[in-house]
Amino acid sequence: MYTLIETDVIIFGGGGAGSRAAIEAYDHGAKVVMAVKGKVGHSGCTPWVGTNAAVGPWSNENDRPEYAMRDLLAHGGFLGNQELVKILANDSANRIFELQDWGVELARNQDGNIAINHAPGHTFARNLTLKPSNPNPQKDGYPPGIAVMDALRGQLKKRDIRIMEDVALVDLLKTDGRVVGATAIDCNTNKFIVFKAKSTVLATGTYSHVFSHTTVSLYETGDGQAAAFRAGAELIDMENTQYIPARTGMPPGTILVNADGDRFLERYGIDGCKRMAKEITVRAVGTEIREGRCTDRGTMFVNVVDPMKKDEWDPDYWDRLEKNGSLYPGYTDQGINTAADQFETGPLAHTTTGGLRINDRCEASIPGLYAAGAVAGGVYGHARPEGFTVMITLVLGCRAGRLAAEGARSIDEVSIDEASADASFNRARAVYDVMAKNGIDETRSKIQSTMHEYAWVIKDRSGLETGLRVMKEIVFANRPMTQDVTKIMPADGFKWARALETSNLLLTAEMMLTGALERKESRGAFFRADYPETDNDNWLKNIIYNQLHGKVRVSTAAVDLRYCGPDDDRAVSPQWPRIDGRTRAIPTLARVGPYN
Ligand SMILES: Cc1cc2nc3c(=O)[nH]c(=O)nc-3n(C[C@H](O)[C@H](O)[C@H](O)COP(=O)(O)OP(=O)(O)OC[C@H]3O[C@@H](n4cnc5c(N)ncnc54)[C@H](O)[C@@H]3O)c2cc1C
């Protein structure tokens with residue numbers, strides 16, 4: 001009934017984290033299989049990356065990895081895993097050197113030095129731009145990040161790694177409390193696959209498609225988080241996502257205005273969009289929307305105040321706005337007339353910050369299971385300065401790959417419990433049955449519209465309670481009836497995977513609402529109108545998610561502040577303005593200093 005594939009290490013996901021993990025696991029002697037929903041390097045967010053942050057020889061002579069570490073932790077509201085952030089800050093330069101060895105070129109100044117720019121949230125300029133591998137990257141729809149994926153794909157090809165594309169993870173399989181592989185659907189052949197593996201690595205990205213308005217690729221539907229939850233693993237910080245303020249970007253010579261034509265950012269102490277951390281601008285935009293100073297579509301406008309500056313922007317960006325009304329892969333709208341003197345814009349949900357809770361060996365809470373990249377949560381906390389998430393995929397992907405290979409070497413054999421493979425197969429068919437009956441796309445729209453209405457940028461208790469009640473009704477209406485499952489196989493593997501994705505979105509949305517109700521404060525990119533302040537006395541804690549009899553259960557865990565915390569001596573950076581005299585949701589940037 002199933003196709004059985006045996007390997008040392010099975011990796012799910014073909015973005016930066018999955019590809020880098022596969023390379024490292026293979027180089028550490030493991031037999032590796034990679035299963036990817038979609039195509040390697042063309043299915044996730046990594047090809048969209050614009051900027052990479054790393055402290056290295058290109059940096060200011062006063063910069064240090066520990067300052068980068070402090071920036072990351074402060075920006076994330078000190079909820080990050082300090083040991084993982086330390087690894088990230090220390091190892092990022094190595095991953096950049098490696099990309100260079102693998103043929104990636106960094107953008108340079110006219111004097112030939114590597115160009116670095118100073119992105120918001122960084123104490124020093126340390127953001128590098130990759131030279132796109134394709135001379136015309138925007139025409140193919142990708143910014144420079146495609147260079148990372150081209151380099152990783154080149155390295156994968158040099159190794160004897162089995163790559164299975166259009167194969168979607170369904171469930172993790174456990175025997176005697178250890179993850180021993182997983183089930184998956186081959187979307188092209190409609191076959192159910194059982195992977196038997198000594199180590200399993202999840203690198204399946206975010207769950208941002210709980211929102212219809214999102215930047216991320218269509219493949220990011222929380223499949224890894226949901227499978228881990230069902231297997232009994234702990235998840236962390238699922239309540240939060242980051243946002244970008246304007247799906248059109250802020251082209252040169254433009255300003256952001258609300259539906260009344262008011263340059264509202266000034267009221268929030270923001271001089272201009274560009275040099276602000278996204279979270280600050282997004283909070284202002286979210287407040288305008290919440291207070292009704294927006295269009296009926298919950299949007300605002302970009303006003304062209306200096307048309308002469310239009311030429312300063314990449315013509316391909318303008319083309320994309322003309323076609324899609326958005327610069328991002330996850331959201332398309334009616335095209336924009338870029339010759340007009342104003343056009344519509346609005347926030348999009350960006351990368352999520354929650355996911356599998358991992359330790360500094362990238363191990364999840366169940367033996368045999370590893371996670372890296374955006375599928376893992378709690379790494380940097382509730383927000384991040386630009387450029388570090390792609391480095392997480394490379395640094396932690398590499399680490400997870402090595403440790404998964406070493407873990408596989410340390411055990412002789414694993415066995416699959418056939419009953420658990422059968423249960424997964426029946427569940428997958430039952431999910432398809434009920435979703436097909438209720439309408440897969442209709443159910444997905446219901447999830448997304450509920451999240452947009454009750455859990456958008458600025459949340460409050462009554463909205464979250466209503467959202468959770470509605471979400472539980474959708475969960476109930478879509479509960480899989482494994483005992484009634486028809487004997488007929490779903491006819492189309494892609495549609496089957498889409499039904500499973502939708503049920504994963506349902507689960508991750510429920511977790512998000514449950515945790516957002518629990519966190520009674522604002523921090524990083526997480527904003528509650530009824531708790532607008534950051535509350536370090538009560539909420540310097542991560543929210544941990546796991547299941548009890550299949551139901552979402554949350555608890556809290558105090559943050560380990562082993563290297564730095566919000567009470568350390570700090571200097572207020574001008575990048576963090578006060579909002580109406582209130583405490584900022586995001587802590588002030590730290591004064592630099594040694595922290596380990
Ligand atoms: C538009 C955009 C711009 C960004 N710009 C930057 C930037 O400039 N700098 C920065 O640091 N970060 C940036 N980020 C964030 C960064 O891109 C991501 O955090 C990072 O690339 C995530 O890498 P990943 O490998 O974890 O996931 P991805 O690259 O998203 O890959 C996930 C992979 O998992 C696969 N998958 C999903 N579900 C399954 C399943 N069920 N079975 C098998 N495979 C599955 C997907 O198909 C995909 O191959 C940006 C994100 C977006 C959306």
# chains A, B, ... in the order shown; residues from 1 in each chain; ligands from 1

call {"tool": "residues_around", "arguments": {"residues": "Arg562 of chain A", "least_positions_apart": "5", "cutoff": "12 Å", "atoms": "only C-alpha atoms", "output": "PyMOL selection string"}}
result
chain A and resi 70+73+78-86+568+595-596

call {"tool": "residues_around", "arguments": {"residues": "segment 350-361 of chain A", "least_positions_apart": "2", "cutoff": "8 Å", "atoms": "only C-alpha atoms", "output": "VMD selection string"}}
result
chain A and resid 83 to 84 206 to 208 214 to 216 225 228 233 to 244 348 363 to 365 370 to 371 374 to 383 399 to 400 403

call {"tool": "write_last_selection", "arguments": {"atoms": "N, CA and C atoms", "output": "tab-separated table (two decimals), in the first residue's frame"}}
result
chain	number	residue	atom	x	y	z
A	83	GLU	N	21.71	31.06	23.54
A	83	GLU	CA	22.79	30.20	23.05
A	83	GLU	C	22.72	30.08	21.53
A	84	LEU	N	21.51	29.93	21.00
A	84	LEU	CA	21.36	29.83	19.54
A	84	LEU	C	21.74	31.14	18.86
A	206	THR	N	7.52	28.65	7.30
A	206	THR	CA	6.60	29.31	8.23
A	206	THR	C	5.16	28.81	8.08
A	207	TYR	N	4.27	29.43	8.87
A	207	TYR	CA	2.81	29.17	8.73
A	207	TYR	C	2.10	30.48	8.41
A	208	SER	N	2.80	31.39	7.73
A	208	SER	CA	2.25	32.73	7.50
A	208	SER	C	0.99	32.74	6.66
A	214	THR	N	-0.03	38.09	2.94
A	214	THR	CA	1.30	37.72	3.44
A	214	THR	C	2.35	37.83	2.35
A	215	THR	N	3.58	38.05	2.78
A	215	THR	CA	4.69	38.15	1.83
A	215	THR	C	5.19	36.77	1.38
A	216	VAL	N	4.93	35.73	2.16
A	216	VAL	CA	5.71	34.50	1.98
A	216	VAL	C	5.17	33.60	0.88
A	225	GLN	N	5.30	22.49	11.55
A	225	GLN	CA	4.86	22.79	12.93
A	225	GLN	C	3.69	21.88	13.32
A	228	ALA	N	4.77	18.24	13.87
A	228	ALA	CA	5.51	18.12	15.14
A	228	ALA	C	4.55	18.17	16.32
A	233	ALA	N	5.57	16.98	19.98
A	233	ALA	CA	6.73	17.87	20.23
A	233	ALA	C	6.26	19.21	20.78
A	234	GLU	N	7.19	19.88	21.45
A	234	GLU	CA	6.86	21.22	21.96
A	234	GLU	C	7.09	22.26	20.87
A	235	LEU	N	6.18	23.23	20.81
A	235	LEU	CA	6.37	24.39	19.94
A	235	LEU	C	6.51	25.61	20.84
A	236	ILE	N	6.98	26.70	20.25
A	236	ILE	CA	7.26	27.89	21.06
A	236	ILE	C	6.90	29.16	20.28
A	237	ASP	N	6.38	30.16	20.99
A	237	ASP	CA	6.14	31.51	20.43
A	237	ASP	C	5.24	31.52	19.20
A	238	MET	N	4.31	30.59	19.12
A	238	MET	CA	3.44	30.49	17.93
A	238	MET	C	2.50	31.68	17.80
A	239	GLU	N	2.38	32.50	18.85
A	239	GLU	CA	1.41	33.59	18.84
A	239	GLU	C	1.80	34.74	17.93
A	240	ASN	N	3.03	34.74	17.45
A	240	ASN	CA	3.54	35.97	16.82
A	240	ASN	C	3.94	35.80	15.37
A	241	THR	N	3.70	36.86	14.60
A	241	THR	CA	4.29	36.96	13.27
A	241	THR	C	4.82	38.37	13.10
A	242	GLN	N	5.75	38.53	12.19
A	242	GLN	CA	6.21	39.88	11.88
A	242	GLN	C	5.41	40.39	10.68
A	243	TYR	N	5.40	41.69	10.50
A	243	TYR	CA	4.66	42.28	9.37
A	243	TYR	C	5.58	43.23	8.62
A	244	ILE	N	5.21	43.50	7.38
A	244	ILE	CA	5.82	44.64	6.70
A	244	ILE	C	4.73	45.70	6.53
A	348	LEU	N	1.43	43.52	5.17
A	348	LEU	CA	1.36	42.08	4.92
A	348	LEU	C	2.03	41.36	6.08
A	363	GLU	N	17.93	20.19	18.21
A	363	GLU	CA	17.08	19.03	18.51
A	363	GLU	C	15.74	19.51	19.03
A	364	ALA	N	14.66	18.89	18.54
A	364	ALA	CA	13.33	19.17	19.08
A	364	ALA	C	13.17	18.37	20.37
A	365	SER	N	11.97	18.48	20.97
A	365	SER	CA	11.81	17.83	22.28
A	365	SER	C	11.59	16.31	22.17
A	370	TYR	N	14.94	16.93	14.41
A	370	TYR	CA	15.73	18.17	14.36
A	370	TYR	C	14.93	19.20	13.56
A	371	ALA	N	15.23	20.48	13.79
A	371	ALA	CA	14.56	21.51	12.98
A	371	ALA	C	15.52	22.66	12.75
A	374	ALA	N	13.07	28.65	9.31
A	374	ALA	CA	11.86	29.31	9.80
A	374	ALA	C	10.86	28.36	10.44
A	375	VAL	N	11.03	27.05	10.30
A	375	VAL	CA	10.11	26.12	10.96
A	375	VAL	C	10.36	26.07	12.47
A	376	ALA	N	11.56	26.49	12.87
A	376	ALA	CA	11.90	26.49	14.30
A	376	ALA	C	11.45	27.81	14.90
A	377	GLY	N	11.07	27.79	16.16
A	377	GLY	CA	10.62	29.03	16.81
A	377	GLY	C	11.54	29.42	17.94
A	378	GLY	N	11.31	30.64	18.45
A	378	GLY	CA	12.00	31.07	19.65
A	378	GLY	C	13.49	31.28	19.48
A	379	VAL	N	13.96	31.37	18.24
A	379	VAL	CA	15.41	31.53	18.07
A	379	VAL	C	15.81	32.95	18.43
A	380	TYR	N	15.22	33.94	17.78
A	380	TYR	CA	15.65	35.33	18.04
A	380	TYR	C	14.60	36.13	18.79
A	381	GLY	N	13.46	35.53	19.13
A	381	GLY	CA	12.44	36.26	19.88
A	381	GLY	C	11.34	36.78	18.98
A	382	HIS	N	10.75	37.90	19.37
A	382	HIS	CA	9.50	38.36	18.73
A	382	HIS	C	9.69	39.31	17.55
A	383	ALA	N	10.91	39.57	17.13
A	383	ALA	CA	11.17	40.38	15.93
A	383	ALA	C	12.66	40.25	15.67
A	399	ARG	N	24.19	23.30	11.01
A	399	ARG	CA	24.33	22.65	12.32
A	399	ARG	C	23.39	21.44	12.45
A	400	ALA	N	22.14	21.65	12.04
A	400	ALA	CA	21.16	20.55	12.15
A	400	ALA	C	21.61	19.37	11.28
A	403	LEU	N	24.52	17.52	13.06
A	403	LEU	CA	24.10	16.80	14.27
A	403	LEU	C	23.13	15.67	13.94

call {"tool": "select_by_dssp", "arguments": {"residues": "segment 62-123 of chain A", "states": "alpha helix (DSSP H)", "output": "PyMOL selection string"}}
result
chain A and resi 65-75+82-101

call {"tool": "write_last_selection", "arguments": {"atoms": "N, CA and C atoms", "output": "short mmCIF file (atom, residue, chain, number, x, y, z; two decimals), in the first residue's frame"}}
result
data_model
loop_
_atom_site.label_atom_id
_atom_site.label_comp_id
_atom_site.auth_asym_id
_atom_site.auth_seq_id
_atom_site.Cartn_x
_atom_site.Cartn_y
_atom_site.Cartn_z
N PRO A 65 30.84 40.08 16.95
CA PRO A 65 29.67 39.18 16.96
C PRO A 65 28.79 39.38 18.20
N GLU A 66 29.43 39.69 19.35
CA GLU A 66 28.58 39.83 20.55
C GLU A 66 27.67 41.06 20.47
N TYR A 67 28.07 42.05 19.67
CA TYR A 67 27.17 43.20 19.51
C TYR A 67 25.99 42.82 18.61
N ALA A 68 26.30 42.00 17.61
CA ALA A 68 25.20 41.50 16.75
C ALA A 68 24.24 40.67 17.58
N MET A 69 24.83 39.87 18.48
CA MET A 69 24.01 39.03 19.34
C MET A 69 23.09 39.89 20.20
N ARG A 70 23.65 40.94 20.75
CA ARG A 70 22.86 41.83 21.60
C ARG A 70 21.75 42.53 20.79
N ASP A 71 22.09 42.96 19.58
CA ASP A 71 21.08 43.60 18.73
C ASP A 71 19.90 42.67 18.47
N LEU A 72 20.26 41.42 18.14
CA LEU A 72 19.21 40.44 17.85
C LEU A 72 18.32 40.20 19.06
N LEU A 73 18.94 40.03 20.20
CA LEU A 73 18.15 39.72 21.39
C LEU A 73 17.30 40.91 21.82
N ALA A 74 17.90 42.11 21.75
CA ALA A 74 17.14 43.30 22.15
C ALA A 74 15.96 43.52 21.21
N HIS A 75 16.21 43.35 19.91
CA HIS A 75 15.15 43.56 18.93
C HIS A 75 14.01 42.56 19.14
N GLN A 82 19.35 32.47 23.83
CA GLN A 82 20.62 33.20 23.80
C GLN A 82 21.78 32.35 23.29
N GLU A 83 21.71 31.06 23.54
CA GLU A 83 22.79 30.20 23.05
C GLU A 83 22.72 30.08 21.53
N LEU A 84 21.51 29.93 21.00
CA LEU A 84 21.36 29.83 19.54
C LEU A 84 21.74 31.14 18.86
N VAL A 85 21.37 32.25 19.49
CA VAL A 85 21.70 33.56 18.89
C VAL A 85 23.21 33.77 18.91
N LYS A 86 23.86 33.30 19.95
CA LYS A 86 25.33 33.41 20.01
C LYS A 86 25.95 32.60 18.87
N ILE A 87 25.45 31.39 18.67
CA ILE A 87 25.95 30.56 17.56
C ILE A 87 25.73 31.29 16.24
N LEU A 88 24.57 31.86 16.09
CA LEU A 88 24.22 32.57 14.86
C LEU A 88 25.18 33.74 14.61
N ALA A 89 25.38 34.54 15.66
CA ALA A 89 26.25 35.72 15.50
C ALA A 89 27.69 35.30 15.19
N ASN A 90 28.15 34.23 15.82
CA ASN A 90 29.54 33.80 15.62
C ASN A 90 29.76 33.11 14.28
N ASP A 91 28.77 32.40 13.80
CA ASP A 91 28.99 31.53 12.63
C ASP A 91 28.55 32.15 11.30
N SER A 92 27.86 33.30 11.37
CA SER A 92 27.30 33.87 10.13
C SER A 92 28.39 34.15 9.10
N ALA A 93 29.53 34.72 9.55
CA ALA A 93 30.60 35.06 8.59
C ALA A 93 31.09 33.80 7.87
N ASN A 94 31.19 32.67 8.61
CA ASN A 94 31.65 31.43 7.96
C ASN A 94 30.72 31.02 6.83
N ARG A 95 29.44 31.22 7.06
CA ARG A 95 28.48 30.82 6.03
C ARG A 95 28.57 31.77 4.82
N ILE A 96 28.92 33.03 5.08
CA ILE A 96 29.09 33.96 3.95
C ILE A 96 30.36 33.58 3.17
N PHE A 97 31.46 33.27 3.88
CA PHE A 97 32.70 32.85 3.18
C PHE A 97 32.40 31.65 2.30
N GLU A 98 31.63 30.74 2.87
CA GLU A 98 31.30 29.51 2.15
C GLU A 98 30.49 29.81 0.89
N LEU A 99 29.53 30.74 1.02
CA LEU A 99 28.76 31.11 -0.18
C LEU A 99 29.70 31.67 -1.24
N GLN A 100 30.68 32.47 -0.79
CA GLN A 100 31.65 33.03 -1.75
C GLN A 100 32.44 31.89 -2.42
N ASP A 101 32.86 30.92 -1.60
CA ASP A 101 33.59 29.76 -2.17
C ASP A 101 32.73 29.03 -3.19
#

call {"tool": "closest_residue", "arguments": {"among": "A:Gln334, A:Thr129, A:Ser424, A:Asn190", "to": "Gly387 of chain A", "atoms": "only C-alpha atoms"}}
result
A:Thr129

call {"tool": "residues_near_ligand", "arguments": {"ligand": "ligand 1", "cutoff": "6 Å", "atoms": "only C-alpha atoms and all ligand atoms", "output": "MDAnalysis selection string"}}
result
chainID A and resid 12:18 35:38 40 43:46 48:52 167:169 203:205 215:216 219:220 223 328 373:375 386:390 393

call {"tool": "residues_around", "arguments": {"residues": "Leu468 of chain A", "least_positions_apart": "5", "cutoff": "12 Å", "atoms": "only C-alpha atoms", "output": "JSON, numbers by chain"}}
result
{"A": [447, 450, 451, 453, 454, 455, 461, 462, 463, 473, 474, 475, 506, 507, 508, 509, 510, 511, 512, 513, 514, 515, 516, 517, 518, 552]}

call {"tool": "residues_around", "arguments": {"residues": "Phe192 of chain A", "least_positions_apart": "5", "cutoff": "6 Å", "atoms": "only C-alpha atoms", "output": "JSON, numbers by chain"}}
result
{"A": [2, 184, 185]}

call {"tool": "residues_around", "arguments": {"residues": "segment 285-291 of chain A", "least_positions_apart": "5", "cutoff": "7 Å", "atoms": "only C-alpha atoms", "output": "compact mmCIF listing (two decimals) with N, CA and C atoms, in the first residue's frame"}}
result
# COMPACT_ATOMS: atom_id res chain seq x y z
N PRO A 245 5.10 46.98 6.58
CA PRO A 245 4.06 48.01 6.58
C PRO A 245 3.37 48.22 5.24
N GLY A 298 -9.25 48.14 4.27
CA GLY A 298 -8.24 48.13 5.33
C GLY A 298 -6.87 48.57 4.83
N VAL A 457 -2.87 43.05 12.69
CA VAL A 457 -1.67 43.64 13.30
C VAL A 457 -1.86 43.96 14.79
N ILE A 458 -2.95 44.66 15.13
CA ILE A 458 -3.17 45.04 16.53
C ILE A 458 -4.34 44.23 17.06

call {"tool": "closest_residue", "arguments": {"among": "A:Gly77, A:Val304, A:Ser449, A:Ala119", "to": "Val470 of chain A", "atoms": "only C-alpha atoms"}}
result
A:Ser449

call {"tool": "select_by_dssp", "arguments": {"residues": "segment 351-382 of chain A", "states": "strand (DSSP E or B)", "output": "PDB file with N, CA and C atoms, in the first residue's frame"}}
result
ATOM      1  N   THR A 351       7.409  36.897   8.003  1.00  0.00           N
ATOM      2  CA  THR A 351       7.776  35.584   8.540  1.00  0.00           C
ATOM      3  C   THR A 351       7.274  35.429   9.987  1.00  0.00           C
ATOM      4  N   THR A 352       6.851  34.211  10.302  1.00  0.00           N
ATOM      5  CA  THR A 352       6.402  33.922  11.664  1.00  0.00           C
ATOM      6  C   THR A 352       7.625  33.722  12.557  1.00  0.00           C
ATOM      7  N   GLY A 355       7.472  28.233  16.193  1.00  0.00           N
ATOM      8  CA  GLY A 355       7.741  26.959  15.530  1.00  0.00           C
ATOM      9  C   GLY A 355       8.227  25.938  16.523  1.00  0.00           C
ATOM     10  N   LEU A 356       8.980  24.948  16.034  1.00  0.00           N
ATOM     11  CA  LEU A 356       9.447  23.890  16.932  1.00  0.00           C
ATOM     12  C   LEU A 356      10.419  24.468  17.960  1.00  0.00           C
ATOM     13  N   ARG A 357      10.252  24.053  19.181  1.00  0.00           N
ATOM     14  CA  ARG A 357      11.206  24.476  20.222  1.00  0.00           C
ATOM     15  C   ARG A 357      12.442  23.597  20.078  1.00  0.00           C
ATOM     16  N   GLU A 363      17.931  20.188  18.208  1.00  0.00           N
ATOM     17  CA  GLU A 363      17.080  19.033  18.510  1.00  0.00           C
ATOM     18  C   GLU A 363      15.738  19.514  19.032  1.00  0.00           C
ATOM     19  N   LEU A 369      14.387  13.934  16.192  1.00  0.00           N
ATOM     20  CA  LEU A 369      13.788  15.025  15.404  1.00  0.00           C
ATOM     21  C   LEU A 369      14.615  16.305  15.552  1.00  0.00           C
ATOM     22  N   TYR A 370      14.942  16.926  14.406  1.00  0.00           N
ATOM     23  CA  TYR A 370      15.728  18.165  14.360  1.00  0.00           C
ATOM     24  C   TYR A 370      14.933  19.198  13.555  1.00  0.00           C
ATOM     25  N   ALA A 371      15.227  20.478  13.788  1.00  0.00           N
ATOM     26  CA  ALA A 371      14.555  21.514  12.984  1.00  0.00           C
ATOM     27  C   ALA A 371      15.520  22.657  12.752  1.00  0.00           C
ATOM     28  N   ALA A 376      11.557  26.488  12.870  1.00  0.00           N
ATOM     29  CA  ALA A 376      11.897  26.488  14.299  1.00  0.00           C
ATOM     30  C   ALA A 376      11.453  27.815  14.902  1.00  0.00           C
ATOM     31  N   GLY A 377      11.071  27.795  16.163  1.00  0.00           N
ATOM     32  CA  GLY A 377      10.618  29.028  16.811  1.00  0.00           C
ATOM     33  C   GLY A 377      11.540  29.423  17.944  1.00  0.00           C
TER      34      GLY A 377
END

call {"tool": "closest_residue", "arguments": {"among": "A:Phe124, A:Phe527, A:Tyr26, A:Trp102", "to": "Val55 of chain A", "atoms": "only C-alpha atoms"}}
result
A:Phe124

call {"tool": "residues_around", "arguments": {"residues": "segment 489-505 of chain A", "least_positions_apart": "5", "cutoff": "8 Å", "atoms": "only C-alpha atoms", "output": "PyMOL selection string"}}
result
chain A and resi 168+170+185-191+207+209-210+221-223+226+428-429+431-432+435-436+440+443-444+447+478

call {"tool": "write_last_selection", "arguments": {"atoms": "C-alpha atoms", "output": "short mmCIF file (atom, residue, chain, number, x, y, z; two decimals), in the first residue's frame"}}
result
data_model
loop_
_atom_site.label_atom_id
_atom_site.label_comp_id
_atom_site.auth_asym_id
_atom_site.auth_seq_id
_atom_site.Cartn_x
_atom_site.Cartn_y
_atom_site.Cartn_z
CA ALA A 168 4.78 16.75 0.91
CA VAL A 170 2.17 14.46 6.20
CA ILE A 185 2.42 12.25 -0.36
CA ASP A 186 4.05 12.15 -3.77
CA CYS A 187 1.83 14.76 -5.41
CA ASN A 188 2.64 13.65 -8.98
CA THR A 189 1.97 9.92 -8.54
CA ASN A 190 -0.54 10.26 -5.70
CA LYS A 191 1.40 7.62 -3.76
CA TYR A 207 2.81 29.17 8.73
CA HIS A 209 -0.51 31.62 5.14
CA VAL A 210 -2.88 31.63 8.07
CA THR A 221 1.43 26.38 5.41
CA GLY A 222 2.75 25.28 8.79
CA ASP A 223 3.09 21.62 7.74
CA ALA A 226 1.56 20.92 12.70
CA ALA A 428 -4.67 11.89 5.63
CA ARG A 429 -7.57 10.38 3.69
CA VAL A 431 -8.81 15.01 6.22
CA TYR A 432 -9.20 14.97 2.46
CA MET A 435 -12.17 19.09 3.44
CA ALA A 436 -13.35 18.06 -0.02
CA ILE A 440 -10.78 23.05 0.53
CA THR A 443 -12.24 26.44 4.31
CA ARG A 444 -8.88 28.10 3.71
CA ILE A 447 -9.44 30.56 8.21
CA ASN A 478 -13.49 19.78 9.60
#

call {"tool": "closest_residue", "arguments": {"among": "A:Arg162, A:Lys174, A:Arg263, A:Lys541", "to": "Ala423 of chain A", "atoms": "only C-alpha atoms"}}
result
A:Lys174

call {"tool": "closest_residue", "arguments": {"among": "A:Asn258, A:Ser522, A:Asn426, A:Thr175", "to": "Lys198 of chain A", "atoms": "only C-alpha atoms"}}
result
A:Thr175

call {"tool": "decode", "arguments": {"residues": "segment 520-525 of chain A", "atoms": "all heavy atoms", "output": "mmCIF file, in the first residue's frame"}}
result
data_model
loop_
_atom_site.group_PDB
_atom_site.id
_atom_site.type_symbol
_atom_site.label_atom_id
_atom_site.label_comp_id
_atom_site.auth_asym_id
_atom_site.auth_seq_id
_atom_site.Cartn_x
_atom_site.Cartn_y
_atom_site.Cartn_z
ATOM 1 N N LYS A 520 -0.295 38.788 27.539
ATOM 2 C CA LYS A 520 -1.006 40.027 27.873
ATOM 3 C C LYS A 520 -0.016 41.180 27.946
ATOM 4 O O LYS A 520 0.257 41.745 29.007
ATOM 5 C CB LYS A 520 -1.761 39.846 29.185
ATOM 6 C CG LYS A 520 -2.855 38.778 29.052
ATOM 7 C CD LYS A 520 -3.601 38.518 30.314
ATOM 8 C CE LYS A 520 -4.656 37.446 30.122
ATOM 9 N NZ LYS A 520 -4.147 36.112 29.735
ATOM 10 N N GLU A 521 0.531 41.515 26.824
ATOM 11 C CA GLU A 521 1.491 42.614 26.703
ATOM 12 C C GLU A 521 1.743 42.850 25.213
ATOM 13 O O GLU A 521 1.224 42.130 24.359
ATOM 14 C CB GLU A 521 2.822 42.242 27.375
ATOM 15 C CG GLU A 521 3.499 41.054 26.692
ATOM 16 C CD GLU A 521 5.013 41.016 26.842
ATOM 17 O OE1 GLU A 521 5.596 41.894 27.503
ATOM 18 O OE2 GLU A 521 5.619 40.087 26.260
ATOM 19 N N SER A 522 2.564 43.879 24.901
ATOM 20 C CA SER A 522 3.049 44.085 23.531
ATOM 21 C C SER A 522 4.575 43.979 23.567
ATOM 22 O O SER A 522 5.214 44.475 24.495
ATOM 23 C CB SER A 522 2.651 45.468 23.033
ATOM 24 O OG SER A 522 1.247 45.549 22.904
ATOM 25 N N ARG A 523 5.138 43.309 22.558
ATOM 26 C CA ARG A 523 6.590 43.093 22.563
ATOM 27 C C ARG A 523 7.024 42.748 21.143
ATOM 28 O O ARG A 523 6.344 41.980 20.456
ATOM 29 C CB ARG A 523 6.925 41.931 23.509
ATOM 30 C CG ARG A 523 8.414 41.619 23.640
ATOM 31 C CD ARG A 523 8.645 40.400 24.546
ATOM 32 N NE ARG A 523 8.200 40.627 25.924
ATOM 33 C CZ ARG A 523 8.971 41.088 26.911
ATOM 34 N NH1 ARG A 523 10.245 41.358 26.693
ATOM 35 N NH2 ARG A 523 8.491 41.250 28.129
ATOM 36 N N GLY A 524 8.157 43.302 20.723
ATOM 37 C CA GLY A 524 8.665 42.981 19.389
ATOM 38 C C GLY A 524 7.638 43.354 18.333
ATOM 39 O O GLY A 524 7.232 44.501 18.221
ATOM 40 N N ALA A 525 7.191 42.370 17.569
ATOM 41 C CA ALA A 525 6.190 42.618 16.535
ATOM 42 C C ALA A 525 4.800 42.221 17.005
ATOM 43 O O ALA A 525 3.880 42.145 16.201
ATOM 44 C CB ALA A 525 6.550 41.820 15.276
#
